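Printed here is structure.txt (compact mmCIF, C-alpha atoms):
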```
# COMPACT_ATOMS: atom_id res chain seq x y z
CA MET W 1 111.30 106.70 89.31
CA ALA W 2 109.84 103.40 90.47
CA THR W 3 106.44 102.32 89.29
CA ARG W 4 103.76 101.24 91.68
CA GLY W 5 102.19 97.83 91.34
CA ILE W 6 98.56 97.09 92.08
CA PHE W 7 99.43 95.80 95.57
CA ASP W 8 101.84 98.65 96.43
CA THR W 9 99.13 101.27 96.84
CA GLU W 10 97.84 102.74 100.09
CA GLY W 11 94.42 103.46 98.54
CA PHE W 12 91.68 100.95 97.84
CA VAL W 13 90.79 99.52 94.45
CA THR W 14 87.07 98.97 93.86
CA SER W 15 85.67 96.15 91.73
CA GLU W 16 85.56 98.62 88.82
CA ALA W 17 89.36 99.08 89.15
CA VAL W 18 89.01 102.61 90.50
CA GLU W 19 91.47 103.56 93.20
CA ILE W 20 89.92 105.38 96.14
CA ASP W 21 92.17 107.21 98.53
CA LEU W 22 90.38 108.05 101.77
CA PRO W 23 92.86 109.77 104.05
CA ALA W 24 92.81 108.53 107.61
CA ALA W 25 92.00 111.09 110.29
CA SER W 26 94.96 112.20 112.34
CA LEU W 27 95.23 111.49 116.04
CA PRO W 28 94.70 115.17 117.04
CA HIS W 29 91.50 115.29 114.93
CA ARG W 30 90.23 112.14 116.60
CA MET W 31 91.08 113.48 120.05
CA ALA W 32 89.24 116.75 119.33
CA ALA W 33 86.18 114.80 118.17
CA GLY W 34 86.46 112.70 121.34
CA LEU W 35 86.41 115.83 123.49
CA ILE W 36 83.24 116.99 121.78
CA ASP W 37 81.75 113.53 122.34
CA LEU W 38 82.78 113.75 126.01
CA LEU W 39 80.82 117.01 126.30
CA VAL W 40 77.80 115.28 124.73
CA VAL W 41 78.04 112.42 127.28
CA VAL W 42 78.30 114.88 130.18
CA ALA W 43 75.31 116.86 128.84
CA PHE W 44 73.33 113.62 128.47
CA LEU W 45 74.12 112.58 132.05
CA LEU W 46 73.24 116.02 133.43
CA LEU W 47 69.96 116.04 131.51
CA VAL W 48 69.02 112.58 132.79
CA LEU W 49 69.98 113.50 136.36
CA TRP W 50 67.83 116.61 136.12
CA VAL W 51 64.80 114.93 134.52
CA ALA W 52 64.81 111.52 136.26
CA PRO W 53 62.16 110.87 138.92
CA TRP W 54 64.51 110.23 141.84
CA GLU W 55 61.67 110.05 144.35
CA LEU W 56 60.80 106.61 142.93
CA VAL W 57 64.16 105.29 144.18
CA GLY W 58 63.38 106.43 147.72
CA THR W 59 65.77 105.15 150.36
CA ASP W 60 66.59 101.88 148.56
CA PHE W 61 70.38 102.07 148.13
CA ALA W 62 70.56 98.93 145.95
CA LEU W 63 68.02 100.38 143.52
CA LEU W 64 69.96 103.64 143.41
CA GLN W 65 73.16 101.72 142.56
CA ALA W 66 71.37 99.78 139.82
CA VAL W 67 69.98 102.98 138.30
CA ALA W 68 73.40 104.64 138.46
CA ILE W 69 75.06 101.66 136.71
CA LEU W 70 72.34 101.62 134.07
CA LEU W 71 72.78 105.36 133.47
CA LEU W 72 76.56 105.06 133.14
CA VAL W 73 76.33 102.13 130.72
CA ALA W 74 73.74 103.99 128.65
CA ALA W 75 75.86 107.15 128.51
CA LEU W 76 79.34 105.67 128.10
CA VAL W 77 78.54 102.69 125.85
CA GLY W 78 74.99 103.00 124.52
CA LEU W 79 75.16 106.62 123.37
CA PRO W 80 78.29 106.21 121.17
CA ILE W 81 76.93 102.95 119.71
CA ALA W 82 73.58 104.55 118.92
CA GLN W 83 75.20 107.62 117.36
CA GLU W 84 77.57 105.63 115.15
CA THR W 85 74.78 103.29 114.05
CA LEU W 86 72.14 105.94 113.36
CA LEU W 87 74.50 108.57 111.89
CA GLN W 88 76.28 106.02 109.64
CA GLY W 89 79.69 106.00 111.30
CA ARG W 90 79.60 109.44 112.86
CA THR W 91 79.16 110.79 116.35
CA LEU W 92 78.36 114.43 117.04
CA GLY W 93 82.07 115.16 117.51
CA LYS W 94 82.97 113.47 114.23
CA LEU W 95 80.12 115.25 112.49
CA ALA W 96 81.40 118.62 113.72
CA LEU W 97 84.95 117.91 112.49
CA GLY W 98 84.08 116.15 109.24
CA LEU W 99 85.16 112.65 110.25
CA ARG W 100 83.49 109.29 109.66
CA THR W 101 84.17 105.72 110.70
CA VAL W 102 84.33 103.30 107.77
CA ARG W 103 85.20 99.63 107.37
CA ASP W 104 88.70 98.72 106.22
CA ASP W 105 87.30 98.27 102.70
CA THR W 106 85.87 101.86 102.94
CA GLY W 107 82.27 100.66 103.20
CA PRO W 108 79.81 102.00 105.79
CA ILE W 109 79.86 100.47 109.25
CA GLY W 110 76.94 98.63 110.75
CA PHE W 111 75.64 97.93 114.23
CA ARG W 112 78.16 95.09 114.76
CA HIS W 113 81.09 97.43 114.07
CA ALA W 114 79.66 100.15 116.31
CA LEU W 115 79.02 97.61 119.09
CA ILE W 116 82.60 96.31 119.02
CA ARG W 117 83.99 99.86 118.94
CA GLY W 118 81.70 100.96 121.77
CA LEU W 119 82.45 98.05 124.07
CA LEU W 120 86.21 98.30 123.52
CA GLY W 121 85.96 102.08 123.81
CA PHE W 122 84.70 101.70 127.36
CA VAL W 123 87.80 99.72 128.27
CA GLU W 124 90.44 101.66 126.35
CA ILE W 125 89.04 105.18 126.72
CA TRP W 126 87.10 105.31 129.98
CA MET W 127 88.92 102.73 132.11
CA THR W 128 92.43 103.92 131.14
CA LEU W 129 91.46 107.60 130.75
CA GLY W 130 92.30 107.39 127.04
CA GLY W 131 95.90 106.37 127.60
CA LEU W 132 95.58 102.95 125.97
CA ALA W 133 93.68 104.38 122.99
CA VAL W 134 96.29 107.09 122.41
CA LEU W 135 99.16 104.63 122.78
CA VAL W 136 97.71 102.16 120.27
CA ALA W 137 96.59 104.90 117.84
CA ALA W 138 100.02 106.53 117.92
CA THR W 139 101.71 103.28 116.89
CA ASN W 140 99.93 102.63 113.58
CA SER W 141 99.68 104.57 110.35
CA ARG W 142 95.90 105.08 110.34
CA ALA W 143 95.61 106.08 114.02
CA LYS W 144 93.49 103.01 114.77
CA ARG W 145 92.67 102.24 118.38
CA LEU W 146 91.96 98.73 119.68
CA GLY W 147 88.25 99.04 118.89
CA ASP W 148 89.12 99.84 115.27
CA LEU W 149 91.58 96.96 115.01
CA LEU W 150 89.05 94.41 116.31
CA ALA W 151 86.07 95.82 114.39
CA GLY W 152 87.98 96.19 111.12
CA THR W 153 87.34 99.94 110.86
CA TYR W 154 89.18 103.23 110.76
CA VAL W 155 88.26 106.91 110.85
CA VAL W 156 88.56 109.00 107.68
CA ARG W 157 88.37 112.69 106.88
CA GLU W 158 85.29 113.37 104.76
CA ARG W 159 85.97 116.99 103.94
CA VAL W 160 88.94 116.53 101.67
CA ARG W 161 89.55 118.45 98.48
CA LEU W 162 90.16 115.90 95.76
CA THR W 163 92.79 116.69 93.15
CA LEU W 164 92.29 114.97 89.84
CA PRO W 165 95.27 114.18 87.67
CA PRO W 166 95.41 115.99 84.33
CA PRO W 167 93.80 114.05 81.45
CA ALA W 168 96.07 112.02 79.23
CA GLN W 169 97.38 113.89 76.19
CA MET W 170 96.87 112.62 72.67
CA PRO W 171 100.14 111.39 71.21
CA PRO W 172 100.86 113.45 68.07
CA HIS W 173 101.42 110.39 65.87
CA LEU W 174 97.88 109.11 66.68
CA ALA W 175 96.03 112.40 66.06
CA GLY W 176 95.18 111.55 62.44
CA TRP W 177 93.83 108.13 63.40
CA ALA W 178 91.74 109.61 66.24
CA MET W 179 90.06 112.08 63.86
CA HIS W 180 88.66 109.22 61.73
CA ALA W 181 88.15 106.53 64.39
CA ALA W 182 84.58 105.27 64.70
CA ILE W 183 83.82 105.20 68.41
CA GLY W 184 80.35 103.88 68.80
CA VAL W 185 78.26 100.88 69.72
CA ILE W 186 79.69 97.61 68.47
CA PRO W 187 77.07 95.77 66.37
CA ASP W 188 75.81 92.35 67.43
```
For the file at hand, write its structure as structure tokens.
Amino acid sequence: MATRGIFDTEGFVTSEAVEIDLPAASLPHRMAAGLIDLLVVVAFLLLVLWVAPWELVGTDFALLQAVAILLLVAALVGLPIAQETLLQGRTLGKLALGLRTVRDDTGPIGFRHALIRGLLGFVEIWMTLGGLAVLVAATNSRAKRLGDLLAGTYVVRERVRLTLPPPAQMPPHLAGWAMHAAIGVIPD
């Protein structure tokens, strides 16, 4: 059996030398969360279309086009960015499935990460109907899409049952020493 070195691990080692293993979300989980997010975007657009005062636009076609572009940008780019920023790496779809976006060092993402992911998401998800995102995510081990690669993030599963290794056993030849060992505060 080969031993693993400190650099051979797939997990992350914190500054306290604790290895953290956050499993990456699978591509089907990410796609399911994306479908839920798509429903949220559609509901947002329908709500805005129903509530908006369209009589203010009148017969001005250029103003109608500007409002339509503004609505699409707000729904397709602004809504995911706002959700990931305010919900600390989650969207409503990710929240429902127990997923979260984290930095490559497993820290929480910020606005900059969400902005990069949102802007690239428009290109790779909406402009290519998700084909580019699926293609890129299927070719790497953590199912990262282009937005993740450029932002330095990936999506993890939060609801994971952790299994702890059994505690180390006391070697029999050290049992006598351990009974009389003084384990306490070292004096100055």
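What separates atom CA of Pro28 of chain W from atom CA of Thr128 of chain W is a distance of 18.2 Å.
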One residue among W:Ala33, W:Leu79, W:Ala25, W:Leu97 is nearest to Leu45 of chain W when using only C-alpha atoms, and that residue is W:Leu79
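Within 9 Å of the point (72.6, 109.4, 133.2), counting only C-alpha atoms, the protein and nucleic acid residues come to Val41, Val42, Phe44, Leu45, Leu46, Leu47, Val48, Leu49, Ala52, Val67, Ala68, Ile69, Leu70, Leu71, Leu72, Val73, Ala74 and Ala75 of chain W.
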One decimal, Å: what's the distance from atom CA of Asp148 of chain W over to atom CA of Ile109 of chain W, could you say? 11.1 Å
Taking the point (96.8, 109.4, 108.4) as given in the file, collect each protein or nucleic acid residue that comes within 9 Å of it, counting all atoms listed in the file, and present the set as a CSV table (one decimal) with C-alpha atoms, in the frame of the given file.
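Dumped everything to result15.csv:
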```
chain,number,residue,atom,x,y,z
W,23,PRO,CA,92.9,109.8,104.0
W,24,ALA,CA,92.8,108.5,107.6
W,25,ALA,CA,92.0,111.1,110.3
W,26,SER,CA,95.0,112.2,112.3
W,27,LEU,CA,95.2,111.5,116.0
W,141,SER,CA,99.7,104.6,110.4
W,142,ARG,CA,95.9,105.1,110.3
W,143,ALA,CA,95.6,106.1,114.0
W,156,VAL,CA,88.6,109.0,107.7
```
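As for atom CA of Thr91 of chain W and atom CA of Leu135 of chain W, they are spaced 21.9 Å apart.
Comparing the minimum interatomic distances between Trp126 of chain W and each of W:Leu38, W:Ala43, W:Ile81, W:Ala114, counting all atoms listed in the file, we find that W:Leu38 sits nearest.
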Pick from W:Val160, W:Ala137, W:Leu120, W:Val155: nearest to Asp105 of chain W, with all atoms listed in the file counted? W:Val155
Centre and edge lengths of an axis-aligned box around all listed atoms of segment 113-121 of chain W, with 3 Å added on each side, are to be given in Å to one decimal, as lines of an AutoDock Vina configuration file.
```
center_x = 82.6
center_y = 99.2
center_z = 119.1
size_x = 13.2
size_y = 11.8
size_z = 16.0
```
